[in-house]
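Colleague: Structure supplied as data_14.txt; contents: compact mmCIF, N, CA and C atoms and all ligand atoms.
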```txt
# COMPACT_ATOMS: atom_id res chain seq x y z
N MET T 1 -7.18 16.23 -1.12
CA MET T 1 -6.82 14.85 -0.78
C MET T 1 -5.29 14.70 -0.72
N TYR T 2 -4.90 13.66 -0.04
CA TYR T 2 -3.48 13.44 0.19
C TYR T 2 -3.20 11.96 -0.04
N GLN T 3 -2.10 11.66 -0.70
CA GLN T 3 -1.75 10.26 -0.96
C GLN T 3 -0.38 9.95 -0.38
N LEU T 4 -0.24 8.74 0.09
CA LEU T 4 1.06 8.27 0.59
C LEU T 4 1.28 6.85 0.08
N ILE T 5 2.46 6.62 -0.46
CA ILE T 5 2.82 5.27 -0.91
C ILE T 5 4.06 4.83 -0.14
N TYR T 6 4.02 3.63 0.40
CA TYR T 6 5.23 3.09 1.03
C TYR T 6 5.45 1.64 0.60
N VAL T 7 6.69 1.22 0.81
CA VAL T 7 7.08 -0.17 0.59
C VAL T 7 7.69 -0.64 1.90
N SER T 8 7.44 -1.89 2.30
CA SER T 8 8.09 -2.40 3.52
C SER T 8 8.50 -3.85 3.31
N ASP T 9 9.29 -4.35 4.25
CA ASP T 9 9.75 -5.74 4.18
C ASP T 9 8.86 -6.60 5.08
N LYS T 10 8.46 -7.74 4.54
CA LYS T 10 7.62 -8.68 5.29
C LYS T 10 8.53 -9.67 6.01
N PRO T 11 8.41 -9.79 7.33
CA PRO T 11 9.29 -10.75 8.02
C PRO T 11 8.93 -12.18 7.65
N SER T 12 9.91 -13.08 7.77
CA SER T 12 9.65 -14.48 7.41
C SER T 12 8.66 -15.12 8.39
N THR T 13 8.47 -14.48 9.55
CA THR T 13 7.55 -15.02 10.56
C THR T 13 6.10 -14.61 10.30
N PHE T 14 5.86 -13.83 9.25
CA PHE T 14 4.51 -13.33 8.97
C PHE T 14 3.58 -14.47 8.58
N THR T 15 2.39 -14.51 9.18
CA THR T 15 1.46 -15.62 8.92
C THR T 15 0.15 -15.12 8.28
N PRO T 16 -0.61 -16.04 7.68
CA PRO T 16 -1.93 -15.65 7.15
C PRO T 16 -2.84 -15.08 8.25
N ASN T 17 -2.65 -15.54 9.47
CA ASN T 17 -3.42 -14.98 10.59
C ASN T 17 -3.10 -13.51 10.81
N ASP T 18 -1.81 -13.16 10.70
CA ASP T 18 -1.42 -11.74 10.80
C ASP T 18 -2.16 -10.93 9.75
N MET T 19 -2.23 -11.49 8.53
CA MET T 19 -2.89 -10.77 7.44
C MET T 19 -4.37 -10.57 7.75
N ASN T 20 -5.01 -11.61 8.28
CA ASN T 20 -6.43 -11.49 8.62
C ASN T 20 -6.65 -10.40 9.66
N ASP T 21 -5.77 -10.35 10.66
CA ASP T 21 -5.91 -9.33 11.70
C ASP T 21 -5.72 -7.92 11.12
N ILE T 22 -4.72 -7.80 10.23
CA ILE T 22 -4.47 -6.48 9.60
C ILE T 22 -5.69 -6.05 8.80
N LEU T 23 -6.24 -7.00 8.04
CA LEU T 23 -7.40 -6.66 7.20
C LEU T 23 -8.59 -6.23 8.05
N ARG T 24 -8.77 -6.91 9.17
CA ARG T 24 -9.89 -6.56 10.05
C ARG T 24 -9.71 -5.12 10.55
N SER T 25 -8.52 -4.80 11.05
CA SER T 25 -8.26 -3.42 11.52
C SER T 25 -8.42 -2.42 10.39
N ALA T 26 -7.86 -2.78 9.23
CA ALA T 26 -7.85 -1.83 8.11
C ALA T 26 -9.26 -1.53 7.64
N ARG T 27 -10.07 -2.57 7.50
CA ARG T 27 -11.44 -2.34 7.01
C ARG T 27 -12.17 -1.39 7.95
N GLU T 28 -12.02 -1.66 9.27
CA GLU T 28 -12.75 -0.86 10.24
C GLU T 28 -12.23 0.58 10.29
N ASN T 29 -10.91 0.71 10.50
CA ASN T 29 -10.33 2.06 10.66
C ASN T 29 -10.42 2.88 9.39
N ASN T 30 -10.16 2.25 8.24
CA ASN T 30 -10.12 3.03 7.01
C ASN T 30 -11.50 3.56 6.66
N ALA T 31 -12.53 2.77 6.95
CA ALA T 31 -13.90 3.26 6.73
C ALA T 31 -14.17 4.43 7.67
N LYS T 32 -13.76 4.26 8.92
CA LYS T 32 -14.02 5.31 9.92
C LYS T 32 -13.31 6.62 9.57
N TYR T 33 -12.11 6.53 9.05
CA TYR T 33 -11.32 7.73 8.76
C TYR T 33 -11.36 8.14 7.29
N GLY T 34 -12.22 7.51 6.51
CA GLY T 34 -12.35 7.91 5.10
C GLY T 34 -11.09 7.67 4.29
N ILE T 35 -10.40 6.58 4.61
CA ILE T 35 -9.17 6.26 3.88
C ILE T 35 -9.49 5.24 2.79
N THR T 36 -9.04 5.54 1.56
CA THR T 36 -9.13 4.56 0.48
C THR T 36 -7.71 4.17 0.09
N GLY T 37 -7.59 3.14 -0.74
CA GLY T 37 -6.25 2.74 -1.15
C GLY T 37 -6.18 1.28 -1.48
N LEU T 38 -4.95 0.83 -1.61
CA LEU T 38 -4.72 -0.55 -2.02
C LEU T 38 -3.51 -1.09 -1.26
N LEU T 39 -3.65 -2.28 -0.73
CA LEU T 39 -2.53 -2.96 -0.07
C LEU T 39 -2.20 -4.22 -0.87
N VAL T 40 -0.95 -4.32 -1.31
CA VAL T 40 -0.53 -5.51 -2.06
C VAL T 40 0.47 -6.29 -1.20
N GLU T 41 0.18 -7.56 -0.97
CA GLU T 41 1.10 -8.44 -0.24
C GLU T 41 1.90 -9.23 -1.27
N LEU T 42 3.20 -9.05 -1.24
CA LEU T 42 4.10 -9.76 -2.15
C LEU T 42 4.82 -10.83 -1.34
N PRO T 43 5.59 -11.72 -1.99
CA PRO T 43 6.25 -12.78 -1.20
C PRO T 43 7.09 -12.24 -0.04
N GLU T 44 7.82 -11.13 -0.27
CA GLU T 44 8.69 -10.62 0.80
C GLU T 44 8.44 -9.17 1.18
N HIS T 45 7.40 -8.57 0.59
CA HIS T 45 7.19 -7.14 0.81
C HIS T 45 5.71 -6.79 0.85
N PHE T 46 5.47 -5.57 1.35
CA PHE T 46 4.15 -4.95 1.19
C PHE T 46 4.33 -3.67 0.40
N ILE T 47 3.32 -3.36 -0.41
CA ILE T 47 3.25 -2.05 -1.05
C ILE T 47 1.85 -1.53 -0.78
N GLN T 48 1.77 -0.31 -0.29
CA GLN T 48 0.44 0.23 0.01
C GLN T 48 0.35 1.67 -0.43
N ILE T 49 -0.80 2.02 -1.00
CA ILE T 49 -1.14 3.42 -1.26
C ILE T 49 -2.32 3.77 -0.39
N LEU T 50 -2.22 4.90 0.30
CA LEU T 50 -3.31 5.37 1.17
C LEU T 50 -3.75 6.73 0.66
N GLU T 51 -5.06 6.96 0.67
CA GLU T 51 -5.58 8.26 0.25
C GLU T 51 -6.66 8.73 1.20
N GLY T 52 -6.66 10.02 1.50
CA GLY T 52 -7.67 10.61 2.38
C GLY T 52 -7.26 12.03 2.70
N THR T 53 -7.83 12.62 3.76
CA THR T 53 -7.33 13.94 4.16
C THR T 53 -5.93 13.73 4.73
N GLN T 54 -5.12 14.78 4.67
CA GLN T 54 -3.73 14.63 5.13
C GLN T 54 -3.66 14.18 6.58
N ASP T 55 -4.50 14.79 7.44
CA ASP T 55 -4.49 14.43 8.87
C ASP T 55 -4.81 12.96 9.06
N ASN T 56 -5.83 12.48 8.36
CA ASN T 56 -6.24 11.09 8.55
C ASN T 56 -5.23 10.10 7.96
N VAL T 57 -4.67 10.44 6.82
CA VAL T 57 -3.65 9.55 6.23
C VAL T 57 -2.46 9.48 7.18
N GLU T 58 -2.06 10.63 7.72
CA GLU T 58 -0.90 10.63 8.62
C GLU T 58 -1.20 9.87 9.91
N TYR T 59 -2.43 10.00 10.38
CA TYR T 59 -2.81 9.27 11.60
C TYR T 59 -2.71 7.75 11.38
N ILE T 60 -3.32 7.28 10.29
CA ILE T 60 -3.31 5.83 10.01
C ILE T 60 -1.90 5.36 9.68
N PHE T 61 -1.15 6.19 8.92
CA PHE T 61 0.20 5.77 8.57
C PHE T 61 1.09 5.66 9.81
N ASN T 62 0.87 6.52 10.80
CA ASN T 62 1.66 6.40 12.04
C ASN T 62 1.40 5.07 12.73
N LEU T 63 0.15 4.63 12.72
CA LEU T 63 -0.16 3.31 13.30
C LEU T 63 0.58 2.22 12.52
N ILE T 64 0.48 2.31 11.19
CA ILE T 64 1.09 1.30 10.32
C ILE T 64 2.61 1.30 10.51
N TYR T 65 3.17 2.51 10.61
CA TYR T 65 4.63 2.65 10.72
C TYR T 65 5.17 1.96 11.97
N GLU T 66 4.39 2.01 13.06
CA GLU T 66 4.84 1.44 14.33
C GLU T 66 4.58 -0.07 14.41
N ASP T 67 3.94 -0.63 13.39
CA ASP T 67 3.50 -2.03 13.47
C ASP T 67 4.68 -2.99 13.33
N PRO T 68 4.90 -3.87 14.32
CA PRO T 68 6.05 -4.79 14.25
C PRO T 68 5.87 -5.92 13.23
N ARG T 69 4.71 -5.99 12.57
CA ARG T 69 4.50 -7.06 11.59
C ARG T 69 5.16 -6.77 10.24
N HIS T 70 5.83 -5.63 10.13
CA HIS T 70 6.69 -5.37 8.96
C HIS T 70 7.81 -4.45 9.40
N LYS T 71 8.84 -4.30 8.52
CA LYS T 71 9.97 -3.46 8.91
C LYS T 71 10.57 -2.76 7.69
N ASN T 72 11.54 -1.87 7.98
CA ASN T 72 12.22 -1.14 6.90
C ASN T 72 11.22 -0.44 5.97
N ILE T 73 10.39 0.39 6.58
CA ILE T 73 9.34 1.07 5.81
C ILE T 73 9.94 2.26 5.06
N ARG T 74 9.79 2.22 3.73
CA ARG T 74 10.33 3.29 2.88
C ARG T 74 9.15 4.06 2.29
N VAL T 75 9.04 5.34 2.68
CA VAL T 75 7.99 6.17 2.07
C VAL T 75 8.50 6.63 0.71
N LEU T 76 7.73 6.29 -0.30
CA LEU T 76 8.12 6.59 -1.67
C LEU T 76 7.58 7.91 -2.14
N LEU T 77 6.37 8.20 -1.72
CA LEU T 77 5.71 9.37 -2.28
C LEU T 77 4.66 9.89 -1.31
N THR T 78 4.64 11.22 -1.13
CA THR T 78 3.48 11.86 -0.51
C THR T 78 3.07 12.95 -1.48
N ALA T 79 1.79 13.06 -1.75
CA ALA T 79 1.34 14.03 -2.75
C ALA T 79 -0.05 14.52 -2.42
N LYS T 80 -0.28 15.80 -2.73
CA LYS T 80 -1.64 16.33 -2.63
C LYS T 80 -2.31 16.15 -3.97
N THR T 81 -3.57 15.75 -3.95
CA THR T 81 -4.30 15.61 -5.21
C THR T 81 -5.56 16.46 -5.12
N ARG T 82 -6.05 16.88 -6.28
CA ARG T 82 -7.21 17.76 -6.29
C ARG T 82 -8.48 17.03 -5.84
N ALA T 83 -8.60 15.80 -6.31
CA ALA T 83 -9.79 15.01 -5.98
C ALA T 83 -9.35 13.61 -5.63
N ARG T 84 -10.25 12.84 -5.05
CA ARG T 84 -9.93 11.46 -4.70
C ARG T 84 -9.69 10.65 -5.98
N GLU T 85 -8.59 9.93 -6.04
CA GLU T 85 -8.27 9.15 -7.24
C GLU T 85 -8.57 7.67 -7.03
N ILE T 86 -8.74 7.27 -5.76
CA ILE T 86 -8.99 5.86 -5.47
C ILE T 86 -10.34 5.74 -4.78
N GLU T 87 -11.21 4.95 -5.36
CA GLU T 87 -12.61 4.92 -4.92
C GLU T 87 -12.83 4.16 -3.61
N ALA T 88 -12.10 3.09 -3.43
CA ALA T 88 -12.41 2.20 -2.30
C ALA T 88 -11.13 1.78 -1.61
N TRP T 89 -11.27 1.09 -0.49
CA TRP T 89 -10.09 0.51 0.13
C TRP T 89 -10.10 -0.98 -0.18
N ASP T 90 -8.96 -1.48 -0.56
CA ASP T 90 -8.93 -2.89 -0.94
C ASP T 90 -7.57 -3.50 -0.68
N MET T 91 -7.58 -4.79 -0.76
CA MET T 91 -6.35 -5.56 -0.55
C MET T 91 -6.18 -6.45 -1.77
N GLY T 92 -4.96 -6.53 -2.27
CA GLY T 92 -4.68 -7.45 -3.37
C GLY T 92 -4.98 -6.84 -4.72
N LEU T 93 -4.67 -7.60 -5.73
CA LEU T 93 -4.82 -7.10 -7.09
C LEU T 93 -6.17 -7.53 -7.66
N SER T 94 -6.67 -6.71 -8.55
CA SER T 94 -7.99 -6.96 -9.12
C SER T 94 -8.09 -8.32 -9.78
N GLU T 95 -9.16 -9.00 -9.51
CA GLU T 95 -9.37 -10.29 -10.18
C GLU T 95 -9.78 -10.11 -11.63
N GLU T 96 -10.02 -8.85 -12.00
CA GLU T 96 -10.37 -8.59 -13.39
C GLU T 96 -9.15 -8.60 -14.31
N LEU T 97 -7.96 -8.57 -13.71
CA LEU T 97 -6.76 -8.59 -14.55
C LEU T 97 -6.63 -9.96 -15.22
N ASP T 98 -6.24 -9.96 -16.51
CA ASP T 98 -6.00 -11.27 -17.11
C ASP T 98 -4.62 -11.76 -16.65
N PRO T 99 -4.32 -13.06 -16.80
CA PRO T 99 -3.09 -13.61 -16.21
C PRO T 99 -1.82 -12.90 -16.67
N THR T 100 -1.78 -12.44 -17.92
CA THR T 100 -0.57 -11.76 -18.41
C THR T 100 -0.41 -10.43 -17.71
N GLN T 101 -1.50 -9.68 -17.58
CA GLN T 101 -1.44 -8.40 -16.89
C GLN T 101 -1.03 -8.58 -15.44
N LEU T 102 -1.60 -9.61 -14.81
CA LEU T 102 -1.30 -9.89 -13.42
C LEU T 102 0.18 -10.21 -13.25
N LYS T 103 0.70 -11.02 -14.15
CA LYS T 103 2.11 -11.41 -14.10
C LYS T 103 3.01 -10.18 -14.26
N ASP T 104 2.66 -9.32 -15.22
CA ASP T 104 3.45 -8.11 -15.45
C ASP T 104 3.41 -7.19 -14.23
N ALA T 105 2.20 -7.02 -13.67
CA ALA T 105 2.06 -6.13 -12.52
C ALA T 105 2.88 -6.66 -11.35
N LEU T 106 2.81 -7.95 -11.10
CA LEU T 106 3.56 -8.54 -9.98
C LEU T 106 5.06 -8.44 -10.21
N TYR T 107 5.47 -8.61 -11.46
CA TYR T 107 6.89 -8.50 -11.80
C TYR T 107 7.42 -7.11 -11.45
N ILE T 108 6.66 -6.09 -11.85
CA ILE T 108 7.07 -4.70 -11.58
C ILE T 108 7.06 -4.44 -10.07
N LEU T 109 5.98 -4.84 -9.41
CA LEU T 109 5.87 -4.58 -7.97
C LEU T 109 6.97 -5.28 -7.18
N ASN T 110 7.27 -6.52 -7.56
CA ASN T 110 8.34 -7.26 -6.89
C ASN T 110 9.69 -6.59 -7.07
N ASN T 111 9.95 -6.13 -8.31
CA ASN T 111 11.21 -5.46 -8.60
C ASN T 111 11.37 -4.18 -7.82
N PHE T 112 10.31 -3.38 -7.80
CA PHE T 112 10.36 -2.08 -7.13
C PHE T 112 10.53 -2.26 -5.62
N SER T 113 9.90 -3.31 -5.09
CA SER T 113 9.90 -3.45 -3.64
C SER T 113 11.28 -3.83 -3.10
N GLU T 114 12.19 -4.25 -3.96
CA GLU T 114 13.56 -4.55 -3.53
C GLU T 114 14.34 -3.26 -3.27
N LYS T 115 13.90 -2.18 -3.84
CA LYS T 115 14.70 -0.94 -3.81
C LYS T 115 14.69 -0.28 -2.44
N GLN T 116 15.81 0.39 -2.13
CA GLN T 116 15.89 1.17 -0.89
C GLN T 116 15.70 2.65 -1.17
N ASN T 117 16.02 3.05 -2.39
CA ASN T 117 15.86 4.46 -2.79
C ASN T 117 15.10 4.52 -4.10
N PHE T 118 14.32 5.58 -4.23
CA PHE T 118 13.44 5.66 -5.39
C PHE T 118 13.66 6.96 -6.15
N SER T 119 13.77 6.85 -7.47
CA SER T 119 13.88 8.05 -8.30
C SER T 119 12.47 8.53 -8.64
N ASP T 120 12.39 9.71 -9.27
CA ASP T 120 11.08 10.24 -9.67
C ASP T 120 10.36 9.30 -10.61
N ILE T 121 11.12 8.65 -11.48
CA ILE T 121 10.50 7.71 -12.43
C ILE T 121 9.87 6.54 -11.66
N HIS T 122 10.59 6.04 -10.64
CA HIS T 122 10.00 4.97 -9.82
C HIS T 122 8.72 5.44 -9.15
N ARG T 123 8.81 6.62 -8.55
CA ARG T 123 7.66 7.15 -7.80
C ARG T 123 6.43 7.27 -8.69
N GLN T 124 6.63 7.93 -9.83
CA GLN T 124 5.47 8.22 -10.68
C GLN T 124 4.94 6.96 -11.33
N SER T 125 5.82 6.06 -11.72
CA SER T 125 5.31 4.85 -12.39
C SER T 125 4.61 3.94 -11.38
N LEU T 126 5.13 3.89 -10.15
CA LEU T 126 4.46 3.05 -9.15
C LEU T 126 3.10 3.64 -8.78
N LYS T 127 3.03 4.95 -8.70
CA LYS T 127 1.75 5.59 -8.40
C LYS T 127 0.73 5.27 -9.50
N LEU T 128 1.15 5.39 -10.75
CA LEU T 128 0.24 5.10 -11.87
C LEU T 128 -0.21 3.64 -11.83
N LEU T 129 0.76 2.77 -11.57
CA LEU T 129 0.42 1.34 -11.55
C LEU T 129 -0.58 1.05 -10.42
N LEU T 130 -0.29 1.57 -9.23
CA LEU T 130 -1.19 1.27 -8.09
C LEU T 130 -2.57 1.89 -8.29
N THR T 131 -2.62 3.12 -8.80
CA THR T 131 -3.95 3.71 -8.98
C THR T 131 -4.71 2.98 -10.09
N SER T 132 -4.01 2.53 -11.12
CA SER T 132 -4.74 1.81 -12.18
C SER T 132 -5.18 0.44 -11.68
N LEU T 133 -4.37 -0.20 -10.84
CA LEU T 133 -4.77 -1.51 -10.31
C LEU T 133 -5.94 -1.39 -9.35
N SER T 134 -6.09 -0.22 -8.73
CA SER T 134 -7.14 -0.09 -7.71
C SER T 134 -8.49 0.28 -8.31
N HIS T 135 -8.52 0.67 -9.58
CA HIS T 135 -9.81 0.98 -10.21
C HIS T 135 -10.55 -0.29 -10.58
N LYS T 136 -11.73 -0.46 -10.03
CA LYS T 136 -12.43 -1.70 -10.31
C LYS T 136 -13.79 -1.40 -10.87
C1 LIG T 201 1.40 -3.98 5.89
C2 LIG T 201 0.39 -3.43 6.85
C3 LIG T 201 -0.66 -2.67 6.36
C4 LIG T 201 -1.62 -2.14 7.23
N1 LIG T 201 -2.64 -1.37 6.72
C5 LIG T 201 -3.51 -0.79 7.57
C6 LIG T 201 -4.52 0.08 7.08
O1 LIG T 201 -4.64 0.35 5.88
N2 LIG T 201 -5.37 0.62 7.99
C7 LIG T 201 -5.28 0.37 9.33
O2 LIG T 201 -6.08 0.91 10.10
N3 LIG T 201 -4.36 -0.47 9.81
C8 LIG T 201 -3.47 -1.05 8.97
N4 LIG T 201 -2.51 -1.88 9.47
C9 LIG T 201 -2.57 -2.23 10.92
C10 LIG T 201 -2.03 -1.12 11.80
O3 LIG T 201 -0.63 -1.19 11.82
C11 LIG T 201 -2.56 -1.27 13.24
O4 LIG T 201 -2.26 -2.55 13.73
C12 LIG T 201 -4.06 -1.09 13.33
O5 LIG T 201 -4.46 0.09 12.69
C13 LIG T 201 -4.51 -1.06 14.80
O6 LIG T 201 -5.86 -0.79 14.82
P1 LIG T 201 -6.89 -1.51 15.81
O7 LIG T 201 -6.22 -1.47 17.17
O8 LIG T 201 -8.09 -0.64 15.70
O9 LIG T 201 -7.12 -2.90 15.28
C14 LIG T 201 -1.53 -2.40 8.63
C15 LIG T 201 -0.46 -3.16 9.11
C16 LIG T 201 0.50 -3.67 8.23
C17 LIG T 201 1.64 -4.50 8.78
```
The structure given in the file should be rewritten as structure tokens.
Modeller:
Amino acid sequence: MYQLIYVSDKPSTFTPNDMNDILRSARENNAKYGITGLLVELPEHFIQILEGTQDNVEYIFNLIYEDPRHKNIRVLLTAKTRAREIEAWDMGLSEELDPTQLKDALYILNNFSEKQNFSDIHRQSLKLLLTSLSHK
């Protein structure tokens, strides 16, 4: 399996309709290509982790990379994993989080998404956070 995490900037022109269209494409394509992961929409950014075979992750990521509905895409991490770590494809944070956990997670994600460059500590902690948030 192969994982890719990126952060991007959300334009001020982005609408809830854009999000609905993205979700529709993502649900269909990700199921078709065996992609799992998590997409988090923040006030000014997106953070997404994608998991699948390397070819399929790269194929979907190329589509996402060319998408004019976001910009300044920073790839934080690409990694091979022995087994699939993320069970499903989803959008948003788990509703099972209690409000304090949710607040902490959003605080960290918001902070990280401002960055243009990432250290190993950023990479590994964001990966842990996203994979733990995606387990439901
Ligand atoms: C932040 C963001 C996340 C996206 N995530 C996915 C995704 O996980 N899977 C996907 O197929 N498309 C995703 N898209 C949409 C793709 O860029 C592209 O529009 C879509 O794959 C086109 O597929 P369609 O022509 O089959 O609808 C995303 C777009 C944005 C802006």
Colleague: What do you get as a PyMOL selection string if you pick all residues at most 8 Å from ligand LIG 201 (chain T), counting only C-alpha atoms and all ligand atoms?
Modeller: chain T and resi 8+10+19+21-30+35+37-39+41+46-48+50+60-70+89
Colleague: Of the candidates T:Leu4, T:Ala31, T:Val75, T:Leu109, which one gets nearest to Glu87 of chain T if we count only C-alpha atoms?
Modeller: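 Distance minimum relative to Glu87 of chain T lands on T:Ala31.
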Colleague: Which residue gives the smallest distance to Leu77 of chain T among T:Gln116, T:Ser132, T:Gln124, T:Thr53, with only C-alpha atoms counted?
Modeller: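 Nearest to Leu77 of chain T: T:Gln124.
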Colleague: Could you check how far atom CA of Gly92 of chain T sits from atom C of Tyr6 of chain T, in Å to one decimal?
Modeller: 14.2 Å
Colleague: Between T:Val40, T:Met1, T:Met91, T:Ile86, which is the closest to Thr131 of chain T once you count only N, CA and C atoms?
Modeller: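 Looking only at the distances to Thr131 of chain T, the closest residue turns out to be T:Ile86.
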Colleague: From the list T:Ala88, T:Ile108, T:Asn17, T:Phe118, which residue is nearest Thr36 of chain T when using all atoms listed in the file?
Modeller: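 Answer, going by the shortest atom-to-atom distance: T:Ala88.
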Colleague: Could you tell me how far atom C of Ala83 of chain T sits from atom CA of Gln3 of chain T, in Å to one decimal place?
Modeller: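 If I compute the distance from atom CA of Gln3 of chain T to atom C of Ala83 of chain T, I get 9.5 Å.
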Colleague: For atom CA of Val57 of chain T and atom C of Glu96 of chain T, determine how far apart the two atoms are, in Å to one decimal place.
Modeller: 28.0 Å
Colleague: From a backbone DSSP assignment, name each residue in chain T labelled strand (DSSP E), as a PyMOL selection string.
Modeller: chain T and resi 2-9+36-41+45-52+71-80+89-91
Colleague: Hey, what's within 8 Å of Tyr2 of chain T if we count all atoms listed in the file and toss same-chain stuff fewer than 5 positions away? As JSON, numbers by chain, please?
Modeller: {"T": [50, 51, 52, 53, 54, 55, 57, 58, 78, 79, 80, 81, 82, 83, 84, 85]}
Colleague: What parts of chain T does DSSP call alpha helix (DSSP H)? I'd like the answer as a PyMOL selection string.
Modeller: chain T and resi 16-32+54-65+99-113+120-134
